[in-house]
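Participant: My questions all concern the structure below.
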Amino acid sequence: MSSCAPRADAIDPLLRSWVESACEPQSDFPIQNLAYGIREGAVAVRIGEKYLRLKDALDARAFSGGLTVADWGSSLTSPSLNAFAALPASVRSEVRQQLAAIFANGSAARAKIEPLLCSVGASDRPEQLPFQVGDYSDFYASLHHATNVGSMFRPTNPLLPNWKHVPIGYHGRASSLVPSRTAIVRPHGQTVAHDDGPPSFGPSKLMDYELEVGFFVGTENALGSTIPVTQAWDHIFGFALVNDWSARDIQKWEYQPLGPFLAKNFATTVSSWVVTREALEPFRIAGPPRTAEDPKPLPYLDDPNGWNLDVTLEVLISSEKMRADGMVPSLISRGSLGDMFWTPAQMLAHHASNGCNMQVGDLLASGTVSGTTKESRGCLLERTWRGTEPLTLGDGTERRFLQDGDEVIMRGYCEKAGHPRIGFGECRGTVQPARGGSTR
């Protein structure tokens with residue numbers, strides 16, 4: 001293979017690219033954020049508003065002799081990132097460094113690569129899931145969310161005794177994970193007019209979203225072994241936005257005693273570009289927040305690093321009428337992943353602490369990300385306080401919960417002085433009528 005440009009530090013904040021859209025101040029994908037996804041059935045890397053299929057770059061002999069086809073070439077034609085993520089960390093690091101060199105100003109590989117770039121473009125069609133997910137688990141890691149929801153249903157005891165001792169989670173449904181821009185059909189289920197029943201069966205009337213961040217496992221552990229909390233960060237391949245759609249009226253009736261089931265397993269939307277943990281290194285912050293009254297984590301969860309991530313997260317809603325009239329979506333909330341009580345490392349370490357074997361491509365989601373203010377609450381259940389404090393959209397209509405035709409748009413980004421913005425793109429989904437009728 002021929003040699004590319006001189007070696008570049010992929011997260012050097014001063015590095016600049018010849019891809020113009022990657023140099024825009026508000027770009028989610030500068031050269032420091034070489035995010036991975038799937039395009040045309042193969043592994044691709046995104047930079048600015050362009051993407052490159054890595055197999056095309058390999059065929060063009062754009063990589064240096066330090067990477068042989070035997071090292072990684074066979075992983076590039078898979079319709080998921082699983083094989084690529086399973087490569088040794090040293091190989092993935094070398095790929096990332098060479099991609100940074102290829103896209104950097106002055107790269108000798110520009111002439112080969114520029115004709116191979118494709119535009120991301122705008123489309124209403126569903127995108128592609130980045131991983132083939134074998135297992136999906138959803139956590140409940142926000143103290144503010146847990147306290148808010150608990151106070152609605154248990155005013156005298158909002159936070160259960162175990163919550164600050166153990167990262168609470170449940171096993172989700174991997175088969176109903178869907179990529180951004182997939183239509184979400186309003187689910188049917190059992191609901192009740194009164195707490196003690198009797199139930200009726202029909203479309204959910206209280207459809208909601210949940211603003212979450214998910215991360216994909218990149219390094220496995222064997223069945224019966226564990227992942228030490230101090231090593232858990234290195235087992236994570238990357239992060240994406242997650243919308244854990246929820247039917248609150250179905251959830252209210254079914255969640256006791258075993259927790260969420262049909263109220264959540266009908267659909268979970270995942271953004272299509274995976275931001276690597278390397279790109280997020282500059283945005284790790286101290287955490288999680290603890291008070292003197294909080295219990296000290298048990299030794300297997302006691303992480304001396306205790307890293308959270310400083311990711312700003314936004315939710316916007318656009319009604320069918322707003323889109324028809326060309327109106328911009330209404331900003332509903334803005335919060336931060338840095339407010340979470342449990343960190344990604346603690347969630348992953350706890351998941352594997354009983355010997356559960358985590359596999360490449362497994363998805364773990366944070367649970368609803370909420371902060372201390374109304375504006376930072378990450379779902380409508382909290383934002384409208386069970387519908388008692390409705391929101392007004394840009395078209396003048398009110399929302400207590402989602403209506404048919406509503407599009408939910410989630411965005412995430414990191415900003416820090418001296419560093420380019422690192423973004424996640426968007427996670428979109430539009431609520432469609434239940435089969436057999438609409439609910440407004």
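Lettering and numbering for the structure tokens are positional, with chains as A, B, ... in the shown order, residues counted from 1 in each chain, and ligands counted from 1 in the shown order.
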Write out as a list in words the residues lying within 6 Å of range 339-345 of chain A, counting only C-alpha atoms and excluding same-chain residues fewer than 5 positions away.
Facilitator: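 The contact residues come out as Ala141, Ser142, Leu143, Val229, Ala232, Trp233, Pro288 and Asn308 of chain A.
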Participant: What's around Ala57 in chain A at 10 Å? Count only C-alpha atoms, leave out sequence neighbours fewer than 3 positions away in its own chain, and write the answer as a list in words.
Facilitator: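 These residues fall inside the cut-off: Ala44, Leu52, Arg53, Leu54, Ala60, Arg61, Ala62, Phe63, Leu99, Ile102, Ala109, Lys112, Ile113, Leu116 and Leu117 of chain A.
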Participant: With only C-alpha atoms as the basis for distance, which of A:Asp310, A:Glu382, A:Asp249, A:Asp208 is at the shortest distance from Gly338 in chain A?
Facilitator: A:Asp310
Participant: Restricting the calculation to only C-alpha atoms: of A:His350, A:Leu241, A:Glu210, A:Asn148, which residue gets closest to Val275 in chain A?
Facilitator: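 Closest to Val275 in chain A of all the choices is A:Leu241.
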Participant: Tell me, as a VMD selection string, which residues lie within 10 Å of Gly106 in chain A, counting only C-alpha atoms; anything in the same chain fewer than 2 positions away does not count.
Facilitator: chain A and resid 5 to 6 16 to 18 101 to 104 108 to 110
Participant: How many Å separate CA of Glu278 in chain A from CA of Thr77 in chain A?
Facilitator: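 CA of Thr77 in chain A lies at a distance of 23.4 Å from CA of Glu278 in chain A.
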Participant: Do a neighbour search on Trp245 in chain A at 12 Å with only C-alpha atoms, toss out local chain neighbours closer than 5 positions, and write the hits as a PDB file with N, CA and C atoms, in the first residue's frame.
Facilitator:
ATOM      1  N   ASP A 138     -31.485  -1.073  29.351  1.00  0.00           N
ATOM      2  CA  ASP A 138     -31.771   0.342  29.598  1.00  0.00           C
ATOM      3  C   ASP A 138     -31.688   0.607  31.096  1.00  0.00           C
ATOM      4  N   GLY A 172     -34.017  -4.664  27.665  1.00  0.00           N
ATOM      5  CA  GLY A 172     -34.896  -4.175  26.603  1.00  0.00           C
ATOM      6  C   GLY A 172     -35.039  -5.181  25.476  1.00  0.00           C
ATOM      7  N   SER A 176     -36.664  -4.544  18.373  1.00  0.00           N
ATOM      8  CA  SER A 176     -37.427  -3.343  18.028  1.00  0.00           C
ATOM      9  C   SER A 176     -36.586  -2.078  18.106  1.00  0.00           C
ATOM     10  N   LEU A 177     -35.243  -2.228  18.141  1.00  0.00           N
ATOM     11  CA  LEU A 177     -34.375  -1.079  17.935  1.00  0.00           C
ATOM     12  C   LEU A 177     -34.468  -0.657  16.476  1.00  0.00           C
ATOM     13  N   VAL A 178     -34.654   0.628  16.238  1.00  0.00           N
ATOM     14  CA  VAL A 178     -34.818   1.117  14.872  1.00  0.00           C
ATOM     15  C   VAL A 178     -33.920   2.327  14.650  1.00  0.00           C
ATOM     16  N   ALA A 183     -40.539   5.575  11.180  1.00  0.00           N
ATOM     17  CA  ALA A 183     -41.858   5.935  11.718  1.00  0.00           C
ATOM     18  C   ALA A 183     -42.180   5.047  12.917  1.00  0.00           C
ATOM     19  N   ILE A 184     -42.777   5.641  13.941  1.00  0.00           N
ATOM     20  CA  ILE A 184     -43.112   4.933  15.178  1.00  0.00           C
ATOM     21  C   ILE A 184     -44.625   4.795  15.279  1.00  0.00           C
ATOM     22  N   VAL A 185     -45.114   3.564  15.184  1.00  0.00           N
ATOM     23  CA  VAL A 185     -46.559   3.314  15.230  1.00  0.00           C
ATOM     24  C   VAL A 185     -47.030   3.328  16.683  1.00  0.00           C
ATOM     25  N   ARG A 186     -48.063   4.098  16.938  1.00  0.00           N
ATOM     26  CA  ARG A 186     -48.615   4.167  18.301  1.00  0.00           C
ATOM     27  C   ARG A 186     -49.050   2.762  18.729  1.00  0.00           C
ATOM     28  N   PRO A 187     -48.590   2.310  19.897  1.00  0.00           N
ATOM     29  CA  PRO A 187     -48.863   0.924  20.294  1.00  0.00           C
ATOM     30  C   PRO A 187     -50.242   0.747  20.930  1.00  0.00           C
ATOM     31  N   SER A 204     -52.517   3.453  22.937  1.00  0.00           N
ATOM     32  CA  SER A 204     -52.038   4.311  24.013  1.00  0.00           C
ATOM     33  C   SER A 204     -52.447   5.755  23.741  1.00  0.00           C
ATOM     34  N   LEU A 206     -51.152   8.153  25.927  1.00  0.00           N
ATOM     35  CA  LEU A 206     -50.117   8.941  26.605  1.00  0.00           C
ATOM     36  C   LEU A 206     -48.735   8.555  26.081  1.00  0.00           C
ATOM     37  N   MET A 207     -48.513   8.808  24.790  1.00  0.00           N
ATOM     38  CA  MET A 207     -47.226   8.500  24.155  1.00  0.00           C
ATOM     39  C   MET A 207     -46.175   9.523  24.578  1.00  0.00           C
ATOM     40  N   ASP A 208     -44.976   9.037  24.839  1.00  0.00           N
ATOM     41  CA  ASP A 208     -43.909   9.888  25.333  1.00  0.00           C
ATOM     42  C   ASP A 208     -42.593   9.481  24.682  1.00  0.00           C
ATOM     43  N   TYR A 209     -41.597  10.354  24.800  1.00  0.00           N
ATOM     44  CA  TYR A 209     -40.228  10.044  24.425  1.00  0.00           C
ATOM     45  C   TYR A 209     -39.388  10.003  25.693  1.00  0.00           C
ATOM     46  N   GLU A 210     -38.185   9.446  25.604  1.00  0.00           N
ATOM     47  CA  GLU A 210     -37.206   9.542  26.675  1.00  0.00           C
ATOM     48  C   GLU A 210     -35.852   9.857  26.054  1.00  0.00           C
ATOM     49  N   LEU A 211     -35.286  10.977  26.469  1.00  0.00           N
ATOM     50  CA  LEU A 211     -33.999  11.443  25.966  1.00  0.00           C
ATOM     51  C   LEU A 211     -32.878  10.679  26.661  1.00  0.00           C
ATOM     52  N   GLU A 212     -32.099   9.904  25.889  1.00  0.00           N
ATOM     53  CA  GLU A 212     -31.067   9.071  26.470  1.00  0.00           C
ATOM     54  C   GLU A 212     -29.803   9.087  25.615  1.00  0.00           C
ATOM     55  N   GLN A 251     -47.672   1.688  30.715  1.00  0.00           N
ATOM     56  CA  GLN A 251     -46.651   1.496  31.737  1.00  0.00           C
ATOM     57  C   GLN A 251     -47.239   1.549  33.150  1.00  0.00           C
ATOM     58  N   PRO A 260     -40.863  -2.331  33.373  1.00  0.00           N
ATOM     59  CA  PRO A 260     -41.340  -2.042  32.004  1.00  0.00           C
ATOM     60  C   PRO A 260     -41.418  -3.292  31.136  1.00  0.00           C
ATOM     61  N   PHE A 261     -42.429  -3.309  30.278  1.00  0.00           N
ATOM     62  CA  PHE A 261     -42.590  -4.431  29.349  1.00  0.00           C
ATOM     63  C   PHE A 261     -43.158  -3.886  28.040  1.00  0.00           C
ATOM     64  N   LEU A 262     -44.460  -4.077  27.783  1.00  0.00           N
ATOM     65  CA  LEU A 262     -45.034  -3.654  26.507  1.00  0.00           C
ATOM     66  C   LEU A 262     -45.076  -2.134  26.353  1.00  0.00           C
ATOM     67  N   ALA A 263     -44.959  -1.403  27.453  1.00  0.00           N
ATOM     68  CA  ALA A 263     -44.981   0.056  27.377  1.00  0.00           C
ATOM     69  C   ALA A 263     -43.731   0.617  26.714  1.00  0.00           C
ATOM     70  N   LYS A 264     -42.698  -0.213  26.569  1.00  0.00           N
ATOM     71  CA  LYS A 264     -41.444   0.285  26.020  1.00  0.00           C
ATOM     72  C   LYS A 264     -40.870  -0.567  24.892  1.00  0.00           C
ATOM     73  N   ASN A 265     -41.286  -1.806  24.757  1.00  0.00           N
ATOM     74  CA  ASN A 265     -40.585  -2.674  23.805  1.00  0.00           C
ATOM     75  C   ASN A 265     -41.093  -2.573  22.373  1.00  0.00           C
ATOM     76  N   PHE A 266     -42.013  -1.632  22.102  1.00  0.00           N
ATOM     77  CA  PHE A 266     -42.555  -1.509  20.743  1.00  0.00           C
ATOM     78  C   PHE A 266     -41.597  -0.771  19.814  1.00  0.00           C
ATOM     79  N   ALA A 267     -40.707   0.093  20.357  1.00  0.00           N
ATOM     80  CA  ALA A 267     -39.733   0.793  19.510  1.00  0.00           C
ATOM     81  C   ALA A 267     -38.755   1.582  20.371  1.00  0.00           C
ATOM     82  N   THR A 268     -37.492   1.556  19.969  1.00  0.00           N
ATOM     83  CA  THR A 268     -36.453   2.405  20.538  1.00  0.00           C
ATOM     84  C   THR A 268     -35.599   2.902  19.379  1.00  0.00           C
ATOM     85  N   THR A 269     -35.495   4.221  19.231  1.00  0.00           N
ATOM     86  CA  THR A 269     -34.765   4.807  18.106  1.00  0.00           C
ATOM     87  C   THR A 269     -33.323   5.090  18.495  1.00  0.00           C
ATOM     88  N   VAL A 270     -32.397   4.771  17.572  1.00  0.00           N
ATOM     89  CA  VAL A 270     -30.966   4.970  17.802  1.00  0.00           C
ATOM     90  C   VAL A 270     -30.402   5.810  16.657  1.00  0.00           C
ATOM     91  N   GLY A 367     -30.935   5.657  30.354  1.00  0.00           N
ATOM     92  CA  GLY A 367     -32.184   6.088  30.948  1.00  0.00           C
ATOM     93  C   GLY A 367     -32.354   7.580  30.724  1.00  0.00           C
ATOM     94  N   THR A 368     -33.533   8.099  31.019  1.00  0.00           N
ATOM     95  CA  THR A 368     -33.855   9.495  30.754  1.00  0.00           C
ATOM     96  C   THR A 368     -32.855  10.434  31.423  1.00  0.00           C
ATOM     97  N   GLY A 378     -36.084  15.380  30.689  1.00  0.00           N
ATOM     98  CA  GLY A 378     -35.876  14.671  29.443  1.00  0.00           C
ATOM     99  C   GLY A 378     -37.029  13.847  28.906  1.00  0.00           C
ATOM    100  N   CYS A 379     -38.259  14.067  29.387  1.00  0.00           N
ATOM    101  CA  CYS A 379     -39.430  13.382  28.834  1.00  0.00           C
ATOM    102  C   CYS A 379     -40.654  14.246  29.127  1.00  0.00           C
ATOM    103  N   LEU A 380     -41.738  14.006  28.406  1.00  0.00           N
ATOM    104  CA  LEU A 380     -42.944  14.809  28.615  1.00  0.00           C
ATOM    105  C   LEU A 380     -43.622  14.502  29.938  1.00  0.00           C
ATOM    106  N   LEU A 381     -43.489  13.269  30.423  1.00  0.00           N
ATOM    107  CA  LEU A 381     -44.063  12.937  31.726  1.00  0.00           C
ATOM    108  C   LEU A 381     -43.573  13.920  32.780  1.00  0.00           C
ATOM    109  N   PHE A 401     -48.913  15.107  26.028  1.00  0.00           N
ATOM    110  CA  PHE A 401     -48.178  13.960  25.528  1.00  0.00           C
ATOM    111  C   PHE A 401     -48.195  14.047  24.007  1.00  0.00           C
ATOM    112  N   LEU A 402     -47.508  13.119  23.341  1.00  0.00           N
ATOM    113  CA  LEU A 402     -47.337  13.211  21.892  1.00  0.00           C
ATOM    114  C   LEU A 402     -48.621  12.895  21.140  1.00  0.00           C
ATOM    115  N   VAL A 408     -40.282  13.893  16.888  1.00  0.00           N
ATOM    116  CA  VAL A 408     -39.373  14.176  17.993  1.00  0.00           C
ATOM    117  C   VAL A 408     -37.948  14.149  17.452  1.00  0.00           C
ATOM    118  N   ARG A 428     -34.185  10.999  15.103  1.00  0.00           N
ATOM    119  CA  ARG A 428     -35.526  11.468  14.738  1.00  0.00           C
ATOM    120  C   ARG A 428     -36.521  10.320  14.652  1.00  0.00           C
ATOM    121  N   GLY A 429     -37.752  10.622  14.985  1.00  0.00           N
ATOM    122  CA  GLY A 429     -38.838   9.668  14.809  1.00  0.00           C
ATOM    123  C   GLY A 429     -40.165  10.386  14.830  1.00  0.00           C
ATOM    124  N   THR A 430     -41.095   9.954  13.991  1.00  0.00           N
ATOM    125  CA  THR A 430     -42.415  10.570  13.892  1.00  0.00           C
ATOM    126  C   THR A 430     -43.492   9.575  14.308  1.00  0.00           C
ATOM    127  N   VAL A 431     -44.390  10.021  15.167  1.00  0.00           N
ATOM    128  CA  VAL A 431     -45.459   9.157  15.676  1.00  0.00           C
ATOM    129  C   VAL A 431     -46.522   8.978  14.596  1.00  0.00           C
TER     130      VAL A 431
END
Participant: Looking only at the backbone, which of the residues in range 210-426 of chain A does DSSP tag as helix (DSSP H, G or I), as a PDB file with N, CA and C atoms, in the first residue's frame?
Facilitator:
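Heads up, here's the output in result_35.pdb:
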ATOM      1  N   ALA A 232     -13.664  -0.435  32.602  1.00  0.00           N
ATOM      2  CA  ALA A 232     -14.899  -0.462  31.817  1.00  0.00           C
ATOM      3  C   ALA A 232     -14.885   0.536  30.670  1.00  0.00           C
ATOM      4  N   TRP A 233     -14.293   1.712  30.876  1.00  0.00           N
ATOM      5  CA  TRP A 233     -14.258   2.714  29.806  1.00  0.00           C
ATOM      6  C   TRP A 233     -13.613   2.141  28.551  1.00  0.00           C
ATOM      7  N   ASP A 234     -12.563   1.335  28.733  1.00  0.00           N
ATOM      8  CA  ASP A 234     -11.851   0.769  27.584  1.00  0.00           C
ATOM      9  C   ASP A 234     -12.642  -0.331  26.879  1.00  0.00           C
ATOM     10  N   HIS A 235     -13.719  -0.806  27.477  1.00  0.00           N
ATOM     11  CA  HIS A 235     -14.588  -1.801  26.838  1.00  0.00           C
ATOM     12  C   HIS A 235     -15.661  -1.152  25.963  1.00  0.00           C
ATOM     13  N   ARG A 248     -47.064   5.785  28.464  1.00  0.00           N
ATOM     14  CA  ARG A 248     -47.162   5.971  29.911  1.00  0.00           C
ATOM     15  C   ARG A 248     -48.407   5.335  30.518  1.00  0.00           C
ATOM     16  N   ASP A 249     -49.518   5.314  29.782  1.00  0.00           N
ATOM     17  CA  ASP A 249     -50.730   4.715  30.338  1.00  0.00           C
ATOM     18  C   ASP A 249     -50.608   3.193  30.408  1.00  0.00           C
ATOM     19  N   ILE A 250     -49.954   2.586  29.416  1.00  0.00           N
ATOM     20  CA  ILE A 250     -49.693   1.144  29.478  1.00  0.00           C
ATOM     21  C   ILE A 250     -48.703   0.852  30.611  1.00  0.00           C
ATOM     22  N   GLN A 251     -47.672   1.688  30.715  1.00  0.00           N
ATOM     23  CA  GLN A 251     -46.651   1.496  31.737  1.00  0.00           C
ATOM     24  C   GLN A 251     -47.239   1.549  33.150  1.00  0.00           C
ATOM     25  N   LYS A 252     -48.148   2.476  33.366  1.00  0.00           N
ATOM     26  CA  LYS A 252     -48.726   2.653  34.705  1.00  0.00           C
ATOM     27  C   LYS A 252     -49.418   1.380  35.186  1.00  0.00           C
ATOM     28  N   TRP A 253     -50.063   0.656  34.290  1.00  0.00           N
ATOM     29  CA  TRP A 253     -50.829  -0.533  34.658  1.00  0.00           C
ATOM     30  C   TRP A 253     -49.954  -1.763  34.801  1.00  0.00           C
ATOM     31  N   GLU A 254     -48.877  -1.851  34.006  1.00  0.00           N
ATOM     32  CA  GLU A 254     -48.128  -3.108  33.938  1.00  0.00           C
ATOM     33  C   GLU A 254     -46.828  -3.125  34.726  1.00  0.00           C
ATOM     34  N   ARG A 277     -15.274   6.752  21.762  1.00  0.00           N
ATOM     35  CA  ARG A 277     -14.883   7.266  23.087  1.00  0.00           C
ATOM     36  C   ARG A 277     -13.624   8.110  22.982  1.00  0.00           C
ATOM     37  N   GLU A 278     -12.761   7.836  21.991  1.00  0.00           N
ATOM     38  CA  GLU A 278     -11.564   8.656  21.816  1.00  0.00           C
ATOM     39  C   GLU A 278     -11.925  10.105  21.497  1.00  0.00           C
ATOM     40  N   ALA A 279     -12.948  10.308  20.672  1.00  0.00           N
ATOM     41  CA  ALA A 279     -13.354  11.670  20.316  1.00  0.00           C
ATOM     42  C   ALA A 279     -13.920  12.424  21.511  1.00  0.00           C
ATOM     43  N   LEU A 280     -14.422  11.676  22.503  1.00  0.00           N
ATOM     44  CA  LEU A 280     -15.037  12.301  23.677  1.00  0.00           C
ATOM     45  C   LEU A 280     -14.065  12.488  24.836  1.00  0.00           C
ATOM     46  N   GLU A 281     -12.838  12.030  24.701  1.00  0.00           N
ATOM     47  CA  GLU A 281     -11.860  12.146  25.776  1.00  0.00           C
ATOM     48  C   GLU A 281     -11.722  13.577  26.311  1.00  0.00           C
ATOM     49  N   PRO A 282     -11.666  14.603  25.453  1.00  0.00           N
ATOM     50  CA  PRO A 282     -11.499  15.962  25.982  1.00  0.00           C
ATOM     51  C   PRO A 282     -12.695  16.449  26.799  1.00  0.00           C
ATOM     52  N   PHE A 283     -13.810  15.727  26.741  1.00  0.00           N
ATOM     53  CA  PHE A 283     -15.037  16.201  27.373  1.00  0.00           C
ATOM     54  C   PHE A 283     -15.438  15.347  28.583  1.00  0.00           C
ATOM     55  N   PRO A 299     -17.310  -1.446  46.717  1.00  0.00           N
ATOM     56  CA  PRO A 299     -15.978  -1.454  46.093  1.00  0.00           C
ATOM     57  C   PRO A 299     -15.990  -1.728  44.588  1.00  0.00           C
ATOM     58  N   TYR A 300     -16.844  -2.627  44.111  1.00  0.00           N
ATOM     59  CA  TYR A 300     -16.825  -2.953  42.678  1.00  0.00           C
ATOM     60  C   TYR A 300     -17.362  -1.816  41.815  1.00  0.00           C
ATOM     61  N   LEU A 301     -18.030  -0.835  42.430  1.00  0.00           N
ATOM     62  CA  LEU A 301     -18.530   0.336  41.711  1.00  0.00           C
ATOM     63  C   LEU A 301     -17.757   1.606  42.037  1.00  0.00           C
ATOM     64  N   GLU A 320     -47.190  18.055  12.686  1.00  0.00           N
ATOM     65  CA  GLU A 320     -47.446  17.885  11.256  1.00  0.00           C
ATOM     66  C   GLU A 320     -47.728  19.231  10.597  1.00  0.00           C
ATOM     67  N   LYS A 321     -48.503  20.081  11.268  1.00  0.00           N
ATOM     68  CA  LYS A 321     -48.835  21.410  10.734  1.00  0.00           C
ATOM     69  C   LYS A 321     -47.595  22.292  10.656  1.00  0.00           C
ATOM     70  N   MET A 322     -46.734  22.215  11.669  1.00  0.00           N
ATOM     71  CA  MET A 322     -45.511  23.012  11.647  1.00  0.00           C
ATOM     72  C   MET A 322     -44.651  22.658  10.442  1.00  0.00           C
ATOM     73  N   ARG A 323     -44.544  21.384  10.153  1.00  0.00           N
ATOM     74  CA  ARG A 323     -43.737  20.981   9.003  1.00  0.00           C
ATOM     75  C   ARG A 323     -44.384  21.427   7.705  1.00  0.00           C
ATOM     76  N   ALA A 324     -45.696  21.325   7.628  1.00  0.00           N
ATOM     77  CA  ALA A 324     -46.401  21.753   6.415  1.00  0.00           C
ATOM     78  C   ALA A 324     -46.248  23.250   6.186  1.00  0.00           C
ATOM     79  N   LEU A 337     -25.676  15.277  30.026  1.00  0.00           N
ATOM     80  CA  LEU A 337     -25.339  13.942  30.512  1.00  0.00           C
ATOM     81  C   LEU A 337     -24.472  14.022  31.767  1.00  0.00           C
ATOM     82  N   GLY A 338     -23.800  15.136  31.956  1.00  0.00           N
ATOM     83  CA  GLY A 338     -22.967  15.315  33.128  1.00  0.00           C
ATOM     84  C   GLY A 338     -23.735  15.346  34.433  1.00  0.00           C
ATOM     85  N   ASP A 339     -25.071  15.470  34.374  1.00  0.00           N
ATOM     86  CA  ASP A 339     -25.897  15.478  35.580  1.00  0.00           C
ATOM     87  C   ASP A 339     -26.223  14.074  36.086  1.00  0.00           C
ATOM     88  N   PRO A 344     -21.236   5.826  32.738  1.00  0.00           N
ATOM     89  CA  PRO A 344     -21.195   4.682  31.814  1.00  0.00           C
ATOM     90  C   PRO A 344     -20.326   3.539  32.334  1.00  0.00           C
ATOM     91  N   ALA A 345     -19.179   3.860  32.925  1.00  0.00           N
ATOM     92  CA  ALA A 345     -18.302   2.800  33.441  1.00  0.00           C
ATOM     93  C   ALA A 345     -18.987   2.020  34.551  1.00  0.00           C
ATOM     94  N   GLN A 346     -19.694   2.699  35.437  1.00  0.00           N
ATOM     95  CA  GLN A 346     -20.389   2.007  36.527  1.00  0.00           C
ATOM     96  C   GLN A 346     -21.543   1.160  35.990  1.00  0.00           C
ATOM     97  N   MET A 347     -22.260   1.660  34.994  1.00  0.00           N
ATOM     98  CA  MET A 347     -23.351   0.875  34.411  1.00  0.00           C
ATOM     99  C   MET A 347     -22.824  -0.414  33.787  1.00  0.00           C
ATOM    100  N   LEU A 348     -21.743  -0.304  33.030  1.00  0.00           N
ATOM    101  CA  LEU A 348     -21.195  -1.479  32.362  1.00  0.00           C
ATOM    102  C   LEU A 348     -20.599  -2.450  33.379  1.00  0.00           C
ATOM    103  N   ALA A 349     -19.849  -1.933  34.348  1.00  0.00           N
ATOM    104  CA  ALA A 349     -19.249  -2.806  35.367  1.00  0.00           C
ATOM    105  C   ALA A 349     -20.324  -3.535  36.161  1.00  0.00           C
ATOM    106  N   HIS A 350     -21.404  -2.832  36.501  1.00  0.00           N
ATOM    107  CA  HIS A 350     -22.478  -3.482  37.249  1.00  0.00           C
ATOM    108  C   HIS A 350     -23.156  -4.554  36.403  1.00  0.00           C
ATOM    109  N   HIS A 351     -23.386  -4.279  35.134  1.00  0.00           N
ATOM    110  CA  HIS A 351     -24.054  -5.233  34.254  1.00  0.00           C
ATOM    111  C   HIS A 351     -23.289  -6.551  34.201  1.00  0.00           C
ATOM    112  N   ALA A 352     -21.958  -6.452  34.206  1.00  0.00           N
ATOM    113  CA  ALA A 352     -21.127  -7.655  34.101  1.00  0.00           C
ATOM    114  C   ALA A 352     -20.712  -8.211  35.459  1.00  0.00           C
ATOM    115  N   LYS A 374     -36.941  22.695  35.137  1.00  0.00           N
ATOM    116  CA  LYS A 374     -37.998  22.207  34.247  1.00  0.00           C
ATOM    117  C   LYS A 374     -37.488  22.040  32.828  1.00  0.00           C
ATOM    118  N   GLU A 375     -36.684  23.010  32.396  1.00  0.00           N
ATOM    119  CA  GLU A 375     -36.213  23.012  31.014  1.00  0.00           C
ATOM    120  C   GLU A 375     -35.240  21.886  30.718  1.00  0.00           C
ATOM    121  N   SER A 376     -34.721  21.221  31.746  1.00  0.00           N
ATOM    122  CA  SER A 376     -33.754  20.139  31.529  1.00  0.00           C
ATOM    123  C   SER A 376     -34.364  18.756  31.726  1.00  0.00           C
ATOM    124  N   LEU A 380     -41.738  14.006  28.406  1.00  0.00           N
ATOM    125  CA  LEU A 380     -42.944  14.809  28.615  1.00  0.00           C
ATOM    126  C   LEU A 380     -43.622  14.502  29.938  1.00  0.00           C
ATOM    127  N   LEU A 381     -43.489  13.269  30.423  1.00  0.00           N
ATOM    128  CA  LEU A 381     -44.063  12.937  31.726  1.00  0.00           C
ATOM    129  C   LEU A 381     -43.573  13.920  32.780  1.00  0.00           C
ATOM    130  N   GLU A 382     -42.265  14.218  32.747  1.00  0.00           N
ATOM    131  CA  GLU A 382     -41.707  15.195  33.682  1.00  0.00           C
ATOM    132  C   GLU A 382     -41.968  16.630  33.222  1.00  0.00           C
ATOM    133  N   ARG A 383     -41.732  16.871  31.944  1.00  0.00           N
ATOM    134  CA  ARG A 383     -41.775  18.254  31.421  1.00  0.00           C
ATOM    135  C   ARG A 383     -43.153  18.873  31.608  1.00  0.00           C
TER     136      ARG A 383
END
Participant: Find, counting only C-alpha atoms, the residue in A:Ser319, A:Gln132, A:Ser370, A:Ser336 that gets nearest to Glu398 in chain A.
Facilitator: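 Residue with the minimum atom-to-atom distance to Glu398 in chain A: A:Ser319.
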Participant: I'd like to know which residues of range 58-243 of chain A are strand (DSSP E or B) (by DSSP, run on the backbone); could you write them as a ChimeraX atom specification?
Facilitator: /A:104,118-119,136-139,169-171,177-179,184-185,188-192,199-203,207-208,211-217,236-243
Participant: Mind pulling up the distance from CA of Ser75 in chain A to CA of Val45 in chain A?
Facilitator: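 Distance between the two atoms: 13.6 Å.
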Participant: Would you kindly return, as JSON, numbers by chain, each protein, DNA or RNA residue with an atom no farther than 12 Å from any atom of Gly361 in chain A, considering only C-alpha atoms and excluding same-chain residues fewer than 4 positions away?
Facilitator: {"A": [80, 81, 82, 83, 84, 85, 86, 129, 130, 131, 132, 133, 134, 135, 136, 137, 174, 214, 215, 216, 217, 218, 219, 220, 235, 236, 237, 238, 239, 274]}
Participant: Choose the residue, out of A:Thr156, A:Ser78, A:Asn354, A:Thr392, that has the smallest atom-to-atom separation from Pro228 in chain A; count only C-alpha atoms.
Facilitator: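 Nearest to Pro228 in chain A: A:Asn354.
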Participant: Please compute the CA of Val19 in chain A-CA of Arg421 in chain A distance, one decimal, in Å.
Facilitator: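 Going from CA of Val19 in chain A over to CA of Arg421 in chain A covers 15.8 Å.
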Participant: Do you know which residues are at most 9 Å from Cys356 in chain A counting only C-alpha atoms, after dropping those on the same chain fewer than 5 positions away, and could you put them as a CSV table (one decimal) with C-alpha atoms, in the first residue's frame?
Facilitator:
chain,number,residue,atom,x,y,z
A,221,ASN,CA,-15.9,-10.5,28.7
A,222,ALA,CA,-16.2,-14.2,29.0
A,223,LEU,CA,-19.3,-15.8,30.7
A,224,GLY,CA,-18.6,-15.9,34.4
A,225,SER,CA,-16.0,-13.2,34.3
A,226,THR,CA,-16.4,-9.5,35.2
A,351,HIS,CA,-24.1,-5.2,34.3
